[in-house]
Amino acid sequence: MLKVDLMSILQDETSIIWISSGGERSLKLASVSRIIPGQRTAVFQRYLCPEKDYLSFSLIYNNGKRSLDLICKDKVEAEIWIAGLKALISLGQAGRSKIDGWNDGGLCFDVSLATLHYLSAIMEFMLSFGIIY
């Protein structure tokens with residue numbers, strides 16, 4: 001299993017980057033199709049650590065063929081990462097689904113004000129902890 005020493009979201013909110021023993025790596029959020037809480041993937045099943053199930057989640061990408069499996073240091077960190085990534089991915093998918101259909105000569109993003117406030121609060125929190133830089 002991958003040992004990640006540091007993971008963060010790029011400021012343009014399009015990718016996550018992490019540093020591991022192999023150096024810096026990245027994953028475009030546009031390629032993530034699902035976020036699965038807990039230790040449900042084949043990788044997690046091989047290296048099962050049941051006491052950390054509630055701290056774990058997986059990003060499924062490359063058309064479901066790959067996963068980035070992560071264990072957070074505490075429940076709050078896991079909840080922030082999952083909520084923040086879900087919001088960013090959801091916003092990205094909403095934007096991508098509208099890009100093919102131009103609306104009155106401009107792009108249309110169907111995002112509620114509540115969603116934007118929620119995402120803004122998550123992003124501020126992540127910035128304050130250095131998760132995003």
# chains A, B, ... in the order shown; residues from 1 in each chain; ligands from 1

$ residues_around --residues "Met7 of chain A" --least-positions-apart "5" --cutoff "8 Å" --atoms "only C-alpha atoms" --output "PDB file with all heavy atoms, in the first residue's frame"
ATOM      1  N   ILE A  16      -5.174  16.649  -7.011  1.00  0.00           N
ATOM      2  CA  ILE A  16      -4.540  16.467  -5.707  1.00  0.00           C
ATOM      3  C   ILE A  16      -3.105  16.038  -5.987  1.00  0.00           C
ATOM      4  O   ILE A  16      -2.816  15.412  -7.008  1.00  0.00           O
ATOM      5  CB  ILE A  16      -5.265  15.432  -4.821  1.00  0.00           C
ATOM      6  CG1 ILE A  16      -5.354  14.069  -5.505  1.00  0.00           C
ATOM      7  CG2 ILE A  16      -6.618  15.927  -4.408  1.00  0.00           C
ATOM      8  CD1 ILE A  16      -5.862  12.979  -4.593  1.00  0.00           C
ATOM      9  N   ILE A  17      -2.241  16.424  -5.098  1.00  0.00           N
ATOM     10  CA  ILE A  17      -0.843  16.001  -5.204  1.00  0.00           C
ATOM     11  C   ILE A  17      -0.448  15.358  -3.880  1.00  0.00           C
ATOM     12  O   ILE A  17      -1.011  15.676  -2.840  1.00  0.00           O
ATOM     13  CB  ILE A  17       0.118  17.164  -5.557  1.00  0.00           C
ATOM     14  CG1 ILE A  17       0.069  18.255  -4.493  1.00  0.00           C
ATOM     15  CG2 ILE A  17      -0.188  17.726  -6.918  1.00  0.00           C
ATOM     16  CD1 ILE A  17       1.184  19.279  -4.637  1.00  0.00           C
ATOM     17  N   TRP A  18       0.487  14.447  -3.951  1.00  0.00           N
ATOM     18  CA  TRP A  18       0.986  13.835  -2.728  1.00  0.00           C
ATOM     19  C   TRP A  18       2.456  13.509  -2.901  1.00  0.00           C
ATOM     20  O   TRP A  18       2.959  13.391  -4.001  1.00  0.00           O
ATOM     21  CB  TRP A  18       0.179  12.594  -2.346  1.00  0.00           C
ATOM     22  CG  TRP A  18       0.257  11.446  -3.283  1.00  0.00           C
ATOM     23  CD1 TRP A  18       1.128  10.399  -3.235  1.00  0.00           C
ATOM     24  CD2 TRP A  18      -0.568  11.202  -4.429  1.00  0.00           C
ATOM     25  NE1 TRP A  18       0.894   9.521  -4.265  1.00  0.00           N
ATOM     26  CE2 TRP A  18      -0.142   9.999  -5.018  1.00  0.00           C
ATOM     27  CE3 TRP A  18      -1.632  11.899  -5.018  1.00  0.00           C
ATOM     28  CZ2 TRP A  18      -0.736   9.464  -6.150  1.00  0.00           C
ATOM     29  CZ3 TRP A  18      -2.218  11.370  -6.141  1.00  0.00           C
ATOM     30  CH2 TRP A  18      -1.784  10.179  -6.699  1.00  0.00           C
ATOM     31  N   ILE A  19       3.108  13.396  -1.767  1.00  0.00           N
ATOM     32  CA  ILE A  19       4.521  13.056  -1.746  1.00  0.00           C
ATOM     33  C   ILE A  19       4.657  11.730  -1.013  1.00  0.00           C
ATOM     34  O   ILE A  19       4.148  11.565   0.098  1.00  0.00           O
ATOM     35  CB  ILE A  19       5.352  14.150  -1.050  1.00  0.00           C
ATOM     36  CG1 ILE A  19       5.192  15.474  -1.799  1.00  0.00           C
ATOM     37  CG2 ILE A  19       6.815  13.738  -0.965  1.00  0.00           C
ATOM     38  CD1 ILE A  19       5.771  16.668  -1.086  1.00  0.00           C
ATOM     39  N   ILE A 131      -3.882  22.009   4.008  1.00  0.00           N
ATOM     40  CA  ILE A 131      -4.214  20.905   3.126  1.00  0.00           C
ATOM     41  C   ILE A 131      -4.185  21.370   1.677  1.00  0.00           C
ATOM     42  O   ILE A 131      -3.840  20.622   0.777  1.00  0.00           O
ATOM     43  CB  ILE A 131      -5.594  20.317   3.497  1.00  0.00           C
ATOM     44  CG1 ILE A 131      -5.535  19.715   4.904  1.00  0.00           C
ATOM     45  CG2 ILE A 131      -6.040  19.272   2.483  1.00  0.00           C
ATOM     46  CD1 ILE A 131      -6.850  19.306   5.466  1.00  0.00           C
TER      47      ILE A 131
END

$ residues_around --residues "segment 26-33 of chain A" --least-positions-apart "4" --cutoff "7 Å" --atoms "only C-alpha atoms" --output "PyMOL selection string"
chain A and resi 14-18+59-63+89+92

$ residues_around --residues "Arg40 of chain A" --least-positions-apart "6" --cutoff "10 Å" --atoms "only C-alpha atoms" --output "short mmCIF file (atom, residue, chain, number, x, y, z; two decimals) with N, CA and C atoms, in the first residue's frame"
data_model
loop_
_atom_site.label_atom_id
_atom_site.label_comp_id
_atom_site.auth_asym_id
_atom_site.auth_seq_id
_atom_site.Cartn_x
_atom_site.Cartn_y
_atom_site.Cartn_z
N LEU A 48 -5.72 -5.26 5.00
CA LEU A 48 -6.82 -4.87 5.87
C LEU A 48 -6.33 -4.41 7.25
N ASP A 53 -10.83 1.47 9.65
CA ASP A 53 -11.82 1.52 8.58
C ASP A 53 -12.50 2.89 8.51
N SER A 56 -10.55 5.60 6.68
CA SER A 56 -10.09 5.26 5.34
C SER A 56 -11.10 5.64 4.26
N PHE A 57 -10.58 5.90 3.06
CA PHE A 57 -11.42 6.07 1.89
C PHE A 57 -10.58 5.84 0.65
N SER A 58 -11.27 5.61 -0.46
CA SER A 58 -10.59 5.35 -1.73
C SER A 58 -11.15 6.26 -2.81
N ASP A 69 -5.91 4.65 -2.35
CA ASP A 69 -6.47 4.23 -1.06
C ASP A 69 -5.75 4.96 0.06
#

$ residues_around --residues "Ile71 of chain A" --least-positions-apart "6" --cutoff "12 Å" --atoms "only C-alpha atoms" --output "list of chain:residue names"
A:Met1, A:Leu2, A:Lys3, A:Val4, A:Asp5, A:Leu6, A:Met7, A:Pro37, A:Gly38, A:Gln39, A:Phe44, A:Tyr47, A:Leu48, A:Cys49, A:Pro50, A:Glu51, A:Lys52, A:Asp53, A:Tyr54, A:Leu55, A:Ser56, A:Phe57, A:Ser58, A:Leu59, A:Glu77, A:Ala78, A:Glu79, A:Trp81, A:Ile82

$ write_last_selection --atoms "N, CA and C atoms" --output "mmCIF file, in the first residue's frame"
data_model
loop_
_atom_site.group_PDB
_atom_site.id
_atom_site.type_symbol
_atom_site.label_atom_id
_atom_site.label_comp_id
_atom_site.auth_asym_id
_atom_site.auth_seq_id
_atom_site.Cartn_x
_atom_site.Cartn_y
_atom_site.Cartn_z
ATOM 1 N N MET A 1 0.848 -1.170 0.000
ATOM 2 C CA MET A 1 0.000 0.000 0.000
ATOM 3 C C MET A 1 0.895 1.234 0.000
ATOM 4 N N LEU A 2 0.411 2.271 -0.653
ATOM 5 C CA LEU A 2 1.148 3.522 -0.782
ATOM 6 C C LEU A 2 1.218 4.252 0.552
ATOM 7 N N LYS A 3 2.390 4.683 0.919
ATOM 8 C CA LYS A 3 2.579 5.501 2.121
ATOM 9 C C LYS A 3 2.720 6.948 1.674
ATOM 10 N N VAL A 4 1.721 7.763 2.015
ATOM 11 C CA VAL A 4 1.708 9.168 1.631
ATOM 12 C C VAL A 4 2.118 10.004 2.831
ATOM 13 N N ASP A 5 3.128 10.828 2.644
ATOM 14 C CA ASP A 5 3.585 11.685 3.728
ATOM 15 C C ASP A 5 2.838 13.025 3.760
ATOM 16 N N LEU A 6 2.418 13.501 2.585
ATOM 17 C CA LEU A 6 1.728 14.779 2.490
ATOM 18 C C LEU A 6 0.824 14.746 1.282
ATOM 19 N N MET A 7 -0.422 15.176 1.447
ATOM 20 C CA MET A 7 -1.341 15.252 0.324
ATOM 21 C C MET A 7 -2.073 16.573 0.399
ATOM 22 N N PRO A 37 -16.008 5.392 0.990
ATOM 23 C CA PRO A 37 -15.536 5.409 2.376
ATOM 24 C C PRO A 37 -15.213 4.001 2.874
ATOM 25 N N GLY A 38 -14.298 3.917 3.816
ATOM 26 C CA GLY A 38 -13.933 2.628 4.392
ATOM 27 C C GLY A 38 -12.888 1.895 3.570
ATOM 28 N N GLN A 39 -12.688 0.628 3.909
ATOM 29 C CA GLN A 39 -11.649 -0.197 3.276
ATOM 30 C C GLN A 39 -12.308 -1.261 2.409
ATOM 31 N N PHE A 44 -7.168 -2.440 -0.223
ATOM 32 C CA PHE A 44 -7.443 -2.432 1.215
ATOM 33 C C PHE A 44 -7.708 -3.851 1.729
ATOM 34 N N TYR A 47 -4.481 -5.535 2.514
ATOM 35 C CA TYR A 47 -3.751 -4.961 3.656
ATOM 36 C C TYR A 47 -4.740 -4.464 4.702
ATOM 37 N N LEU A 48 -5.725 -5.258 5.002
ATOM 38 C CA LEU A 48 -6.824 -4.870 5.872
ATOM 39 C C LEU A 48 -6.335 -4.412 7.247
ATOM 40 N N CYS A 49 -6.898 -3.304 7.677
ATOM 41 C CA CYS A 49 -6.599 -2.734 8.991
ATOM 42 C C CYS A 49 -7.944 -2.273 9.574
ATOM 43 N N PRO A 50 -8.758 -3.219 10.063
ATOM 44 C CA PRO A 50 -10.143 -2.923 10.450
ATOM 45 C C PRO A 50 -10.301 -1.807 11.479
ATOM 46 N N GLU A 51 -9.323 -1.653 12.343
ATOM 47 C CA GLU A 51 -9.443 -0.597 13.364
ATOM 48 C C GLU A 51 -9.342 0.801 12.761
ATOM 49 N N LYS A 52 -8.928 0.893 11.502
ATOM 50 C CA LYS A 52 -8.822 2.196 10.839
ATOM 51 C C LYS A 52 -9.833 2.346 9.694
ATOM 52 N N ASP A 53 -10.826 1.468 9.651
ATOM 53 C CA ASP A 53 -11.823 1.521 8.582
ATOM 54 C C ASP A 53 -12.497 2.892 8.514
ATOM 55 N N TYR A 54 -12.858 3.454 9.666
ATOM 56 C CA TYR A 54 -13.560 4.736 9.707
ATOM 57 C C TYR A 54 -12.648 5.914 9.333
ATOM 58 N N LEU A 55 -11.346 5.681 9.237
ATOM 59 C CA LEU A 55 -10.388 6.715 8.845
ATOM 60 C C LEU A 55 -10.006 6.604 7.364
ATOM 61 N N SER A 56 -10.547 5.605 6.680
ATOM 62 C CA SER A 56 -10.095 5.255 5.340
ATOM 63 C C SER A 56 -11.103 5.641 4.261
ATOM 64 N N PHE A 57 -10.576 5.901 3.064
ATOM 65 C CA PHE A 57 -11.421 6.072 1.892
ATOM 66 C C PHE A 57 -10.575 5.841 0.645
ATOM 67 N N SER A 58 -11.267 5.613 -0.458
ATOM 68 C CA SER A 58 -10.592 5.347 -1.730
ATOM 69 C C SER A 58 -11.146 6.259 -2.811
ATOM 70 N N LEU A 59 -10.252 6.747 -3.652
ATOM 71 C CA LEU A 59 -10.630 7.487 -4.845
ATOM 72 C C LEU A 59 -10.529 6.513 -6.011
ATOM 73 N N GLU A 77 -10.164 14.647 9.969
ATOM 74 C CA GLU A 77 -9.427 14.766 8.720
ATOM 75 C C GLU A 77 -10.100 13.947 7.616
ATOM 76 N N ALA A 78 -10.532 12.738 7.935
ATOM 77 C CA ALA A 78 -11.200 11.884 6.942
ATOM 78 C C ALA A 78 -12.491 12.537 6.459
ATOM 79 N N GLU A 79 -13.281 13.056 7.381
ATOM 80 C CA GLU A 79 -14.548 13.697 7.010
ATOM 81 C C GLU A 79 -14.321 14.934 6.141
ATOM 82 N N TRP A 81 -11.653 15.573 4.164
ATOM 83 C CA TRP A 81 -11.188 15.150 2.844
ATOM 84 C C TRP A 81 -12.335 14.609 2.007
ATOM 85 N N ILE A 82 -13.144 13.729 2.581
ATOM 86 C CA ILE A 82 -14.244 13.129 1.828
ATOM 87 C C ILE A 82 -15.241 14.200 1.388
#

$ atom_distance --atom1 "atom CA of Gly23 of chain A" --atom2 "atom CA of Ser8 of chain A"
14.1 Å

$ atom_distance --atom1 "atom CA of Gly22 of chain A" --atom2 "atom CA of Lys75 of chain A"
26.8 Å

$ atom_distance --atom1 "atom CA of Ile9 of chain A" --atom2 "atom CA of Ile36 of chain A"
18.4 Å
